[in-house]
>>> print(open('model31.pdb').read())   # PDB, C-alpha atoms, pLDDT in the B column
MODEL        1
ATOM      1  CA  LEU T   1       0.000   0.000   0.000  1.00 39.00           C
ATOM      2  CA  ALA T   2       1.131   3.541  -0.704  1.00 37.00           C
ATOM      3  CA  PRO T   3       0.005   6.878   0.745  1.00 34.00           C
ATOM      4  CA  ALA T   4      -3.099   8.029  -1.102  1.00 36.00           C
ATOM      5  CA  ILE T   5      -2.451  11.771  -1.046  1.00 38.00           C
ATOM      6  CA  ALA T   6       0.993  13.047  -1.889  1.00 40.00           C
ATOM      7  CA  PRO T   7       2.534  14.977   1.017  1.00 41.00           C
ATOM      8  CA  SER T   8       3.658  18.573   0.747  1.00 40.00           C
ATOM      9  CA  GLY T   9       6.822  18.728  -1.300  1.00 47.00           C
ATOM     10  CA  SER T  10       6.034  15.448  -3.031  1.00 52.00           C
ATOM     11  CA  GLY T  11       7.425  16.781  -6.284  1.00 58.00           C
ATOM     12  CA  ALA T  12       4.160  16.798  -8.242  1.00 65.00           C
ATOM     13  CA  GLU T  13       5.011  20.361  -9.242  1.00 70.00           C
ATOM     14  CA  VAL T  14       7.850  19.076 -11.457  1.00 76.00           C
ATOM     15  CA  VAL T  15       5.366  17.258 -13.720  1.00 86.00           C
ATOM     16  CA  PRO T  16       3.547  19.294 -16.399  1.00 86.00           C
ATOM     17  CA  PHE T  17      -0.171  19.477 -15.604  1.00 91.00           C
ATOM     18  CA  ARG T  18      -2.398  17.801 -18.182  1.00 93.00           C
ATOM     19  CA  PRO T  19      -6.123  17.865 -17.372  1.00 96.00           C
ATOM     20  CA  LEU T  20      -7.847  14.491 -17.344  1.00 97.00           C
ATOM     21  CA  ASP T  21     -11.565  13.769 -17.709  1.00 97.00           C
ATOM     22  CA  LEU T  22     -12.184  11.824 -14.514  1.00 97.00           C
ATOM     23  CA  THR T  23     -15.895  11.536 -15.311  1.00 97.00           C
ATOM     24  CA  ALA T  24     -15.062   9.068 -18.099  1.00 97.00           C
ATOM     25  CA  ASP T  25     -14.978   5.319 -17.493  1.00 97.00           C
ATOM     26  CA  VAL T  26     -11.750   4.878 -19.470  1.00 98.00           C
ATOM     27  CA  VAL T  27      -8.995   7.504 -19.298  1.00 98.00           C
ATOM     28  CA  GLU T  28      -5.682   7.530 -21.152  1.00 98.00           C
ATOM     29  CA  LEU T  29      -3.162   8.834 -18.637  1.00 98.00           C
ATOM     30  CA  GLY T  30      -0.247   9.057 -21.047  1.00 98.00           C
ATOM     31  CA  THR T  31       2.038   6.741 -22.953  1.00 98.00           C
ATOM     32  CA  SER T  32       5.133   4.708 -22.230  1.00 98.00           C
ATOM     33  CA  VAL T  33       8.569   5.365 -23.729  1.00 98.00           C
ATOM     34  CA  LEU T  34       7.585   3.185 -26.696  1.00 98.00           C
ATOM     35  CA  GLY T  35       4.207   4.861 -27.091  1.00 98.00           C
ATOM     36  CA  VAL T  36       1.986   2.257 -25.419  1.00 98.00           C
ATOM     37  CA  PRO T  37      -1.063   3.902 -23.788  1.00 98.00           C
ATOM     38  CA  ILE T  38      -1.305   3.795 -19.992  1.00 98.00           C
ATOM     39  CA  ILE T  39      -4.986   3.370 -19.207  1.00 98.00           C
ATOM     40  CA  ALA T  40      -7.090   3.885 -16.089  1.00 98.00           C
ATOM     41  CA  GLU T  41     -10.551   2.325 -15.839  1.00 98.00           C
ATOM     42  CA  ARG T  42     -13.335   3.476 -13.520  1.00 98.00           C
ATOM     43  CA  TYR T  43     -15.896   1.208 -11.865  1.00 97.00           C
ATOM     44  CA  GLY T  44     -18.453   1.526  -9.105  1.00 97.00           C
ATOM     45  CA  THR T  45     -20.118   4.591  -7.640  1.00 96.00           C
ATOM     46  CA  PRO T  46     -19.100   7.959  -9.121  1.00 96.00           C
ATOM     47  CA  GLY T  47     -18.235  10.311  -6.296  1.00 95.00           C
ATOM     48  CA  GLY T  48     -17.775   7.437  -3.838  1.00 96.00           C
ATOM     49  CA  ARG T  49     -14.676   6.696  -1.835  1.00 96.00           C
ATOM     50  CA  ARG T  50     -11.889   6.573  -4.380  1.00 97.00           C
ATOM     51  CA  VAL T  51      -9.720   3.454  -4.407  1.00 96.00           C
ATOM     52  CA  LEU T  52      -6.833   3.217  -6.861  1.00 97.00           C
ATOM     53  CA  VAL T  53      -5.175  -0.117  -7.715  1.00 96.00           C
ATOM     54  CA  ILE T  54      -2.025  -0.381  -9.853  1.00 96.00           C
ATOM     55  CA  GLY T  55      -1.311  -3.940 -10.960  1.00 96.00           C
ATOM     56  CA  VAL T  56       2.212  -3.607 -12.354  1.00 96.00           C
ATOM     57  CA  ILE T  57       5.009  -1.132 -11.726  1.00 95.00           C
ATOM     58  CA  HIS T  58       8.010  -3.443 -12.186  1.00 96.00           C
ATOM     59  CA  GLY T  59       7.657  -5.208 -15.521  1.00 95.00           C
ATOM     60  CA  ASN T  60       8.898  -8.547 -14.221  1.00 95.00           C
ATOM     61  CA  GLU T  61       6.365  -8.490 -11.365  1.00 94.00           C
ATOM     62  CA  ALA T  62       3.214  -8.965 -13.390  1.00 93.00           C
ATOM     63  CA  ALA T  63       1.065 -11.052 -11.038  1.00 92.00           C
ATOM     64  CA  GLY T  64      -0.891  -7.898 -10.183  1.00 93.00           C
ATOM     65  CA  THR T  65      -2.611  -8.073 -13.571  1.00 95.00           C
ATOM     66  CA  ALA T  66      -4.567 -11.103 -12.357  1.00 95.00           C
ATOM     67  CA  ILE T  67      -5.746  -9.104  -9.341  1.00 93.00           C
ATOM     68  CA  VAL T  68      -6.878  -6.261 -11.594  1.00 96.00           C
ATOM     69  CA  GLN T  69      -8.767  -8.738 -13.769  1.00 96.00           C
ATOM     70  CA  GLU T  70     -10.510 -10.163 -10.701  1.00 95.00           C
ATOM     71  CA  LEU T  71     -11.490  -6.683  -9.566  1.00 95.00           C
ATOM     72  CA  ARG T  72     -12.940  -5.936 -13.008  1.00 95.00           C
ATOM     73  CA  ALA T  73     -15.076  -9.055 -12.936  1.00 93.00           C
ATOM     74  CA  GLY T  74     -15.990  -9.169  -9.266  1.00 89.00           C
ATOM     75  CA  GLY T  75     -18.214  -6.130  -8.944  1.00 89.00           C
ATOM     76  CA  THR T  76     -17.530  -3.016  -6.876  1.00 95.00           C
ATOM     77  CA  PRO T  77     -19.088  -2.426  -3.436  1.00 94.00           C
ATOM     78  CA  ASP T  78     -21.630   0.385  -3.170  1.00 95.00           C
ATOM     79  CA  GLY T  79     -20.092   3.720  -2.284  1.00 97.00           C
ATOM     80  CA  VAL T  80     -16.710   2.913  -3.832  1.00 97.00           C
ATOM     81  CA  GLU T  81     -15.331   4.554  -6.964  1.00 98.00           C
ATOM     82  CA  LEU T  82     -12.731   2.031  -8.071  1.00 98.00           C
ATOM     83  CA  TRP T  83      -9.917   3.011 -10.445  1.00 98.00           C
ATOM     84  CA  LEU T  84      -7.776   0.304 -12.027  1.00 98.00           C
ATOM     85  CA  VAL T  85      -4.441   0.742 -13.816  1.00 98.00           C
ATOM     86  CA  GLU T  86      -3.406  -2.671 -15.050  1.00 97.00           C
ATOM     87  CA  SER T  87       0.169  -1.599 -15.763  1.00 97.00           C
ATOM     88  CA  MET T  88       2.120   1.638 -15.555  1.00 97.00           C
ATOM     89  CA  ASN T  89       5.128  -0.080 -17.153  1.00 98.00           C
ATOM     90  CA  PRO T  90       3.832  -1.820 -20.290  1.00 98.00           C
ATOM     91  CA  ASP T  91       7.200  -1.739 -22.067  1.00 98.00           C
ATOM     92  CA  GLY T  92       8.989  -3.547 -19.261  1.00 97.00           C
ATOM     93  CA  GLN T  93       6.112  -5.960 -18.800  1.00 97.00           C
ATOM     94  CA  ALA T  94       6.179  -6.898 -22.485  1.00 97.00           C
ATOM     95  CA  ILE T  95       9.751  -8.209 -22.162  1.00 97.00           C
ATOM     96  CA  ASP T  96       9.565  -9.336 -18.522  1.00 96.00           C
ATOM     97  CA  ASP T  97      12.010  -6.623 -17.433  1.00 95.00           C
ATOM     98  CA  ARG T  98      11.924  -4.686 -14.168  1.00 95.00           C
ATOM     99  CA  GLN T  99      12.712  -1.379 -15.863  1.00 96.00           C
ATOM    100  CA  ASN T 100      11.078   0.665 -18.617  1.00 97.00           C
ATOM    101  CA  ALA T 101      12.466   1.003 -22.158  1.00 97.00           C
ATOM    102  CA  ASN T 102      14.951   3.659 -20.943  1.00 96.00           C
ATOM    103  CA  GLN T 103      16.375   1.179 -18.415  1.00 96.00           C
ATOM    104  CA  VAL T 104      14.892   3.184 -15.555  1.00 96.00           C
ATOM    105  CA  ASP T 105      13.307   1.636 -12.481  1.00 95.00           C
ATOM    106  CA  VAL T 106      10.153   3.753 -12.482  1.00 94.00           C
ATOM    107  CA  ASN T 107       9.544   2.874  -8.837  1.00 92.00           C
ATOM    108  CA  ARG T 108      12.690   4.881  -8.048  1.00 92.00           C
ATOM    109  CA  ASN T 109      11.770   7.723 -10.411  1.00 92.00           C
ATOM    110  CA  PHE T 110       8.922   9.356  -8.499  1.00 91.00           C
ATOM    111  CA  PRO T 111       9.777  12.877  -7.285  1.00 89.00           C
ATOM    112  CA  TYR T 112       8.956  12.370  -3.595  1.00 82.00           C
ATOM    113  CA  LYS T 113      12.220  11.871  -1.662  1.00 77.00           C
ATOM    114  CA  ARG T 114      13.967  10.914  -4.870  1.00 78.00           C
ATOM    115  CA  GLY T 115      17.721  10.453  -4.760  1.00 81.00           C
ATOM    116  CA  PRO T 116      20.169   9.595  -7.565  1.00 86.00           C
ATOM    117  CA  ILE T 117      20.585   5.832  -7.685  1.00 89.00           C
ATOM    118  CA  GLY T 118      22.942   3.992 -10.022  1.00 87.00           C
ATOM    119  CA  VAL T 119      23.476   4.408 -13.729  1.00 88.00           C
ATOM    120  CA  ALA T 120      21.701   3.079 -16.803  1.00 85.00           C
ATOM    121  CA  GLY T 121      21.915  -0.699 -16.692  1.00 82.00           C
ATOM    122  CA  ASP T 122      21.696  -0.933 -12.900  1.00 87.00           C
ATOM    123  CA  GLY T 123      18.567  -2.679 -11.672  1.00 87.00           C
ATOM    124  CA  GLN T 124      17.462   0.266  -9.532  1.00 89.00           C
ATOM    125  CA  TYR T 125      18.609   3.119 -11.777  1.00 92.00           C
ATOM    126  CA  ALA T 126      16.484   6.133 -10.776  1.00 93.00           C
ATOM    127  CA  GLY T 127      16.723   8.006 -14.084  1.00 94.00           C
ATOM    128  CA  THR T 128      18.235  11.322 -15.079  1.00 93.00           C
ATOM    129  CA  GLY T 129      16.040  13.314 -12.714  1.00 92.00           C
ATOM    130  CA  PRO T 130      12.782  13.300 -10.742  1.00 93.00           C
ATOM    131  CA  ALA T 131       9.882  12.076 -12.909  1.00 94.00           C
ATOM    132  CA  SER T 132      12.128  11.969 -15.958  1.00 95.00           C
ATOM    133  CA  GLU T 133      10.112   9.076 -17.410  1.00 96.00           C
ATOM    134  CA  PRO T 134       6.785   9.433 -19.241  1.00 97.00           C
ATOM    135  CA  GLU T 135       5.245   6.588 -17.228  1.00 98.00           C
ATOM    136  CA  THR T 136       6.072   8.346 -13.959  1.00 96.00           C
ATOM    137  CA  GLN T 137       4.781  11.666 -15.271  1.00 96.00           C
ATOM    138  CA  ALA T 138       1.500  10.044 -16.292  1.00 97.00           C
ATOM    139  CA  MET T 139       0.942   8.542 -12.838  1.00 96.00           C
ATOM    140  CA  VAL T 140       1.943  11.665 -10.897  1.00 95.00           C
ATOM    141  CA  ASN T 141      -0.373  13.819 -13.018  1.00 96.00           C
ATOM    142  CA  PHE T 142      -3.216  11.309 -12.594  1.00 97.00           C
ATOM    143  CA  ILE T 143      -2.873  10.860  -8.828  1.00 95.00           C
ATOM    144  CA  ALA T 144      -2.552  14.613  -8.248  1.00 95.00           C
ATOM    145  CA  GLN T 145      -5.957  15.074  -9.890  1.00 96.00           C
ATOM    146  CA  LEU T 146      -7.665  11.917  -8.622  1.00 96.00           C
ATOM    147  CA  ARG T 147      -6.523  12.257  -4.993  1.00 95.00           C
ATOM    148  CA  PRO T 148      -7.609   8.720  -4.032  1.00 95.00           C
ATOM    149  CA  ASP T 149      -8.548   7.777  -0.487  1.00 94.00           C
ATOM    150  CA  ILE T 150      -6.529   4.571  -0.820  1.00 91.00           C
ATOM    151  CA  ALA T 151      -3.876   3.612  -3.373  1.00 92.00           C
ATOM    152  CA  ILE T 152      -2.576   0.041  -3.687  1.00 90.00           C
ATOM    153  CA  TRP T 153       0.556  -0.831  -5.679  1.00 90.00           C
ATOM    154  CA  TYR T 154       1.384  -4.484  -6.245  1.00 89.00           C
ATOM    155  CA  HIS T 155       4.885  -5.932  -6.043  1.00 87.00           C
ATOM    156  CA  GLN T 156       6.108  -9.505  -5.752  1.00 84.00           C
ATOM    157  CA  ASP T 157       7.181 -11.880  -4.450  1.00 77.00           C
ATOM    158  CA  LEU T 158       8.041 -11.529  -0.757  1.00 82.00           C
ATOM    159  CA  PHE T 159       4.486 -12.497   0.247  1.00 85.00           C
ATOM    160  CA  VAL T 160       4.348  -9.911   3.031  1.00 87.00           C
ATOM    161  CA  ILE T 161       2.663  -6.588   3.724  1.00 88.00           C
ATOM    162  CA  SER T 162       4.967  -3.967   5.173  1.00 86.00           C
ATOM    163  CA  PRO T 163       3.749  -2.409   8.447  1.00 89.00           C
ATOM    164  CA  ALA T 164       3.181   1.299   8.916  1.00 88.00           C
ATOM    165  CA  GLU T 165       1.738   3.690  11.485  1.00 90.00           C
ATOM    166  CA  GLY T 166      -1.553   5.545  11.849  1.00 92.00           C
ATOM    167  CA  ARG T 167      -4.332   5.224   9.288  1.00 90.00           C
ATOM    168  CA  GLU T 168      -2.006   3.690   6.719  1.00 88.00           C
ATOM    169  CA  GLY T 169      -0.910   1.067   9.217  1.00 91.00           C
ATOM    170  CA  ARG T 170      -4.510   0.154  10.040  1.00 92.00           C
ATOM    171  CA  ILE T 171      -5.303  -0.236   6.338  1.00 90.00           C
ATOM    172  CA  ARG T 172      -2.302  -2.501   5.848  1.00 90.00           C
ATOM    173  CA  GLU T 173      -3.219  -4.622   8.859  1.00 93.00           C
ATOM    174  CA  ARG T 174      -6.772  -4.996   7.552  1.00 92.00           C
ATOM    175  CA  SER T 175      -5.436  -5.977   4.141  1.00 89.00           C
ATOM    176  CA  ALA T 176      -3.215  -8.599   5.754  1.00 91.00           C
ATOM    177  CA  SER T 177      -6.187  -9.974   7.659  1.00 93.00           C
ATOM    178  CA  LEU T 178      -8.324 -10.218   4.516  1.00 91.00           C
ATOM    179  CA  THR T 179      -5.647 -11.740   2.287  1.00 87.00           C
ATOM    180  CA  GLY T 180      -3.938 -13.994   4.801  1.00 91.00           C
ATOM    181  CA  LEU T 181      -0.557 -12.408   4.078  1.00 88.00           C
ATOM    182  CA  PRO T 182       1.723 -11.835   7.077  1.00 91.00           C
ATOM    183  CA  MET T 183       2.961  -8.427   8.164  1.00 91.00           C
ATOM    184  CA  GLY T 184       6.707  -8.058   7.717  1.00 87.00           C
ATOM    185  CA  GLY T 185       9.387  -5.501   7.027  1.00 81.00           C
ATOM    186  CA  ILE T 186      10.767  -5.114   3.515  1.00 75.00           C
ATOM    187  CA  SER T 187      13.731  -3.261   2.051  1.00 64.00           C
ATOM    188  CA  GLY T 188      13.150  -0.292  -0.211  1.00 53.00           C
ATOM    189  CA  GLY T 189      11.389   2.823   1.027  1.00 43.00           C
ATOM    190  CA  THR T 190       8.843   5.289  -0.170  1.00 42.00           C
ATOM    191  CA  TYR T 191       8.586   5.321  -3.968  1.00 40.00           C
ATOM    192  CA  THR T 192      12.258   5.928  -4.655  1.00 41.00           C
ATOM    193  CA  GLY T 193      13.892   3.315  -2.502  1.00 38.00           C
ATOM    194  CA  ILE T 194      16.321   2.895   0.316  1.00 35.00           C
ATOM    195  CA  GLU T 195      18.849   5.326  -1.140  1.00 33.00           C
ATOM    196  CA  ALA T 196      16.592   8.344  -0.878  1.00 33.00           C
ATOM    197  CA  VAL T 197      15.295   7.508   2.585  1.00 34.00           C
ATOM    198  CA  SER T 198      18.584   6.457   4.191  1.00 32.00           C
ATOM    199  CA  ASN T 199      20.410   9.514   2.903  1.00 31.00           C
ATOM    200  CA  ASN T 200      17.686  11.972   3.964  1.00 30.00           C
ATOM    201  CA  VAL T 201      17.765  13.817   0.640  1.00 29.00           C
ATOM    202  CA  ASN T 202      15.652  16.637   2.049  1.00 30.00           C
ATOM    203  CA  MET T 203      18.669  17.650   4.156  1.00 27.00           C
ATOM    204  CA  LEU T 204      21.712  16.553   2.174  1.00 27.00           C
ATOM    205  CA  LYS T 205      22.698  18.216  -1.083  1.00 29.00           C
ATOM    206  CA  GLU T 206      24.506  15.085  -2.216  1.00 32.00           C
ATOM    207  CA  PRO T 207      23.605  11.535  -1.193  1.00 35.00           C
ATOM    208  CA  ARG T 208      26.045   9.800   1.076  1.00 33.00           C
ATOM    209  CA  PHE T 209      26.048   6.709  -1.142  1.00 36.00           C
ATOM    210  CA  ARG T 210      25.779   7.176  -4.871  1.00 40.00           C
ATOM    211  CA  THR T 211      24.226   3.863  -5.773  1.00 40.00           C
ATOM    212  CA  GLY T 212      21.681   1.513  -4.282  1.00 43.00           C
ATOM    213  CA  LYS T 213      24.214  -1.307  -4.634  1.00 45.00           C
ATOM    214  CA  CYS T 214      26.667   0.533  -2.399  1.00 48.00           C
ATOM    215  CA  THR T 215      23.951   1.190   0.162  1.00 42.00           C
ATOM    216  CA  MET T 216      22.897  -2.453   0.220  1.00 45.00           C
ATOM    217  CA  PHE T 217      26.542  -3.563   0.519  1.00 46.00           C
ATOM    218  CA  LEU T 218      27.115  -1.320   3.533  1.00 45.00           C
ATOM    219  CA  MET T 219      23.883  -2.529   5.111  1.00 43.00           C
ATOM    220  CA  ALA T 220      24.945  -6.149   4.573  1.00 45.00           C
ATOM    221  CA  LEU T 221      28.382  -5.398   6.037  1.00 45.00           C
ATOM    222  CA  SER T 222      26.794  -3.789   9.095  1.00 44.00           C
ATOM    223  CA  LEU T 223      24.474  -6.756   9.598  1.00 43.00           C
ATOM    224  CA  SER T 224      27.328  -9.243   9.209  1.00 44.00           C
ATOM    225  CA  VAL T 225      29.387  -7.402  11.857  1.00 43.00           C
ATOM    226  CA  THR T 226      26.391  -7.439  14.199  1.00 41.00           C
ATOM    227  CA  ALA T 227      25.817 -11.148  13.605  1.00 44.00           C
ATOM    228  CA  GLY T 228      29.502 -11.869  14.173  1.00 45.00           C
ATOM    229  CA  GLY T 229      29.388  -9.992  17.467  1.00 46.00           C
ATOM    230  CA  ILE T 230      26.368 -11.990  18.640  1.00 43.00           C
ATOM    231  CA  ILE T 231      28.108 -15.283  17.760  1.00 43.00           C
ATOM    232  CA  LEU T 232      31.270 -14.181  19.579  1.00 45.00           C
ATOM    233  CA  LEU T 233      29.306 -13.249  22.708  1.00 46.00           C
ATOM    234  CA  TYR T 234      27.570 -16.626  22.601  1.00 43.00           C
ATOM    235  CA  LEU T 235      30.904 -18.476  22.382  1.00 44.00           C
ATOM    236  CA  LEU T 236      32.438 -16.451  25.204  1.00 50.00           C
ATOM    237  CA  TRP T 237      29.373 -16.949  27.366  1.00 54.00           C
TER     238      TRP T 237
ENDMDL
END
>>> encode(input="model31.pdb", output="structure tokens")
Amino acid sequence: LAPAIAPSGSGAEVVPFRPLDLTADVVELGTSVLGVPIIAERYGTPGGRRVLVIGVIHGNEAAGTAIVQELRAGGTPDGVELWLVESMNPDGQAIDDRQNANQVDVNRNFPYKRGPIGVAGDGQYAGTGPASEPETQAMVNFIAQLRPDIAIWYHQDLFVISPAEGREGRIRERSASLTGLPMGGISGGTYTGIEAVSNNVNMLKEPRFRTGKCTMFLMALSLSVTAGGIILLYLLW
């Protein structure tokens, strides 16, 4: 699950505004790098509580399309205005690749707390700048106008739901209860990954670690030292 309403300073201002007709049942949000339309579909009660579901963001994590198909066919509860985006990364999905056609991880390309991660060819390359990719621009523009009450983004395949606090945490716990998935911590962060969050890009002009790989290596090193210390204490005890 992701926050439904972008916080102040989310970076939506960096994306050109393009008005969308949210009274229509099918809305073209934009196109991918290769020109494939990114489509949102509306179901349920117009003016009801807005729920947004995105089936695919990483192209090689396409199981969310089956969930979107089930939601299409299953009927929408009264009082809910359901919006479905089967895939925001159709180019990557077409070739079973995490990234888009520009070799950008669009999940690391959103403006909110974005930090520079990697270079082209790296699995978590964040792009040349915030919302540099047309897929990201389409989603930011859409969400800024839709302002959903709940937004759900599907990833795979850790089979967990990451905990949170407050209203968002309660929604995640309810989702875990309904789906049978356990609550559990995951690596990553908000939209743009562990690099942006761990380096506190709102305060630092330059990130402390230039690539996600470096960050993960240092985290692994820290954990290995901790584990080694625990083993040593056990042996000495």
>>> atom_distance(input="model31.pdb", atom1="CA of Gln103 (chain T)", atom2="CA of Glu28 (chain T)")
23.1 Å
>>> closest_residue(input="model31.pdb", among="T:Gly118, T:Pro134, T:Gly180, T:Gly44", to="Met88 (chain T)", atoms="all atoms listed in the file")
T:Pro134
>>> residues_around(input="model31.pdb", residues="region 160-163 of chain T", least_positions_apart="2", cutoff="9 Å", atoms="only C-alpha atoms", output="count of residues only")
18
>>> atom_distance(input="model31.pdb", atom1="CA of Arg42 (chain T)", atom2="CA of Arg174 (chain T)")
23.6 Å
>>> residues_near_point(input="model31.pdb", point="(18.2, 10.8, -8.6)", cutoff="7 Å", atoms="all atoms listed in the file", output="count of residues only")
9
>>> atom_distance(input="model31.pdb", atom1="CA of Asp122 (chain T)", atom2="CA of Asp96 (chain T)")
15.8 Å
>>> residues_around(input="model31.pdb", residues="Val68 (chain T)", least_positions_apart="3", cutoff="7 Å", atoms="all atoms listed in the file", output="ChimeraX atom specification")
/T:55,64-65,71-72,84,86
>>> resolve_selection(input="model31.pdb", expression="the PyMOL selection byres ((chain T and resi 45) around 9)", output="VMD selection string")
chain T and resid 43 to 44 46 to 49 76 to 82
>>> resolve_selection(input="model31.pdb", expression="the PyMOL selection byres ((chain T and resi 132) around 12)", output="ChimeraX atom specification")
/T:11,14-16,32-33,100,102-111,114,116,125-131,133-138,140
>>> write_last_selection(input="model31.pdb", atoms="C-alpha atoms", output="PDB file, in the coordinates of the input")
ATOM      1  CA  GLY T  11       7.425  16.781  -6.284  1.00 58.00           C
ATOM      2  CA  VAL T  14       7.850  19.076 -11.457  1.00 76.00           C
ATOM      3  CA  VAL T  15       5.366  17.258 -13.720  1.00 86.00           C
ATOM      4  CA  PRO T  16       3.547  19.294 -16.399  1.00 86.00           C
ATOM      5  CA  SER T  32       5.133   4.708 -22.230  1.00 98.00           C
ATOM      6  CA  VAL T  33       8.569   5.365 -23.729  1.00 98.00           C
ATOM      7  CA  ASN T 100      11.078   0.665 -18.617  1.00 97.00           C
ATOM      8  CA  ASN T 102      14.951   3.659 -20.943  1.00 96.00           C
ATOM      9  CA  GLN T 103      16.375   1.179 -18.415  1.00 96.00           C
ATOM     10  CA  VAL T 104      14.892   3.184 -15.555  1.00 96.00           C
ATOM     11  CA  ASP T 105      13.307   1.636 -12.481  1.00 95.00           C
ATOM     12  CA  VAL T 106      10.153   3.753 -12.482  1.00 94.00           C
ATOM     13  CA  ASN T 107       9.544   2.874  -8.837  1.00 92.00           C
ATOM     14  CA  ARG T 108      12.690   4.881  -8.048  1.00 92.00           C
ATOM     15  CA  ASN T 109      11.770   7.723 -10.411  1.00 92.00           C
ATOM     16  CA  PHE T 110       8.922   9.356  -8.499  1.00 91.00           C
ATOM     17  CA  PRO T 111       9.777  12.877  -7.285  1.00 89.00           C
ATOM     18  CA  ARG T 114      13.967  10.914  -4.870  1.00 78.00           C
ATOM     19  CA  PRO T 116      20.169   9.595  -7.565  1.00 86.00           C
ATOM     20  CA  TYR T 125      18.609   3.119 -11.777  1.00 92.00           C
ATOM     21  CA  ALA T 126      16.484   6.133 -10.776  1.00 93.00           C
ATOM     22  CA  GLY T 127      16.723   8.006 -14.084  1.00 94.00           C
ATOM     23  CA  THR T 128      18.235  11.322 -15.079  1.00 93.00           C
ATOM     24  CA  GLY T 129      16.040  13.314 -12.714  1.00 92.00           C
ATOM     25  CA  PRO T 130      12.782  13.300 -10.742  1.00 93.00           C
ATOM     26  CA  ALA T 131       9.882  12.076 -12.909  1.00 94.00           C
ATOM     27  CA  GLU T 133      10.112   9.076 -17.410  1.00 96.00           C
ATOM     28  CA  PRO T 134       6.785   9.433 -19.241  1.00 97.00           C
ATOM     29  CA  GLU T 135       5.245   6.588 -17.228  1.00 98.00           C
ATOM     30  CA  THR T 136       6.072   8.346 -13.959  1.00 96.00           C
ATOM     31  CA  GLN T 137       4.781  11.666 -15.271  1.00 96.00           C
ATOM     32  CA  ALA T 138       1.500  10.044 -16.292  1.00 97.00           C
ATOM     33  CA  VAL T 140       1.943  11.665 -10.897  1.00 95.00           C
TER      34      VAL T 140
END
>>> resolve_selection(input="model31.pdb", expression="the PyMOL selection byres ((chain T and resi 26) around 6)", output="MDAnalysis selection string")
chainID T and resid 24:25 27 40:41
>>> closest_residue(input="model31.pdb", among="T:Ala120, T:Val36, T:Leu146, T:Met139", to="Asp21 (chain T)", atoms="only C-alpha atoms")
T:Leu146
>>> closest_residue(input="model31.pdb", among="T:Pro148, T:Trp83, T:Trp153, T:Phe142", to="Ile57 (chain T)", atoms="all atoms listed in the file")
T:Trp153
>>> closest_residue(input="model31.pdb", among="T:Ile38, T:Ala62, T:Ile143, T:Ala94", to="His155 (chain T)", atoms="all atoms listed in the file")
T:Ala62
>>> closest_residue(input="model31.pdb", among="T:Leu20, T:Ile67, T:Val53, T:Ile150", to="Thr179 (chain T)", atoms="all atoms listed in the file")
T:Ile67
>>> closest_residue(input="model31.pdb", among="T:Ala101, T:Val119, T:Ala66, T:Ile54", to="Gly35 (chain T)", atoms="all atoms listed in the file")
T:Ala101
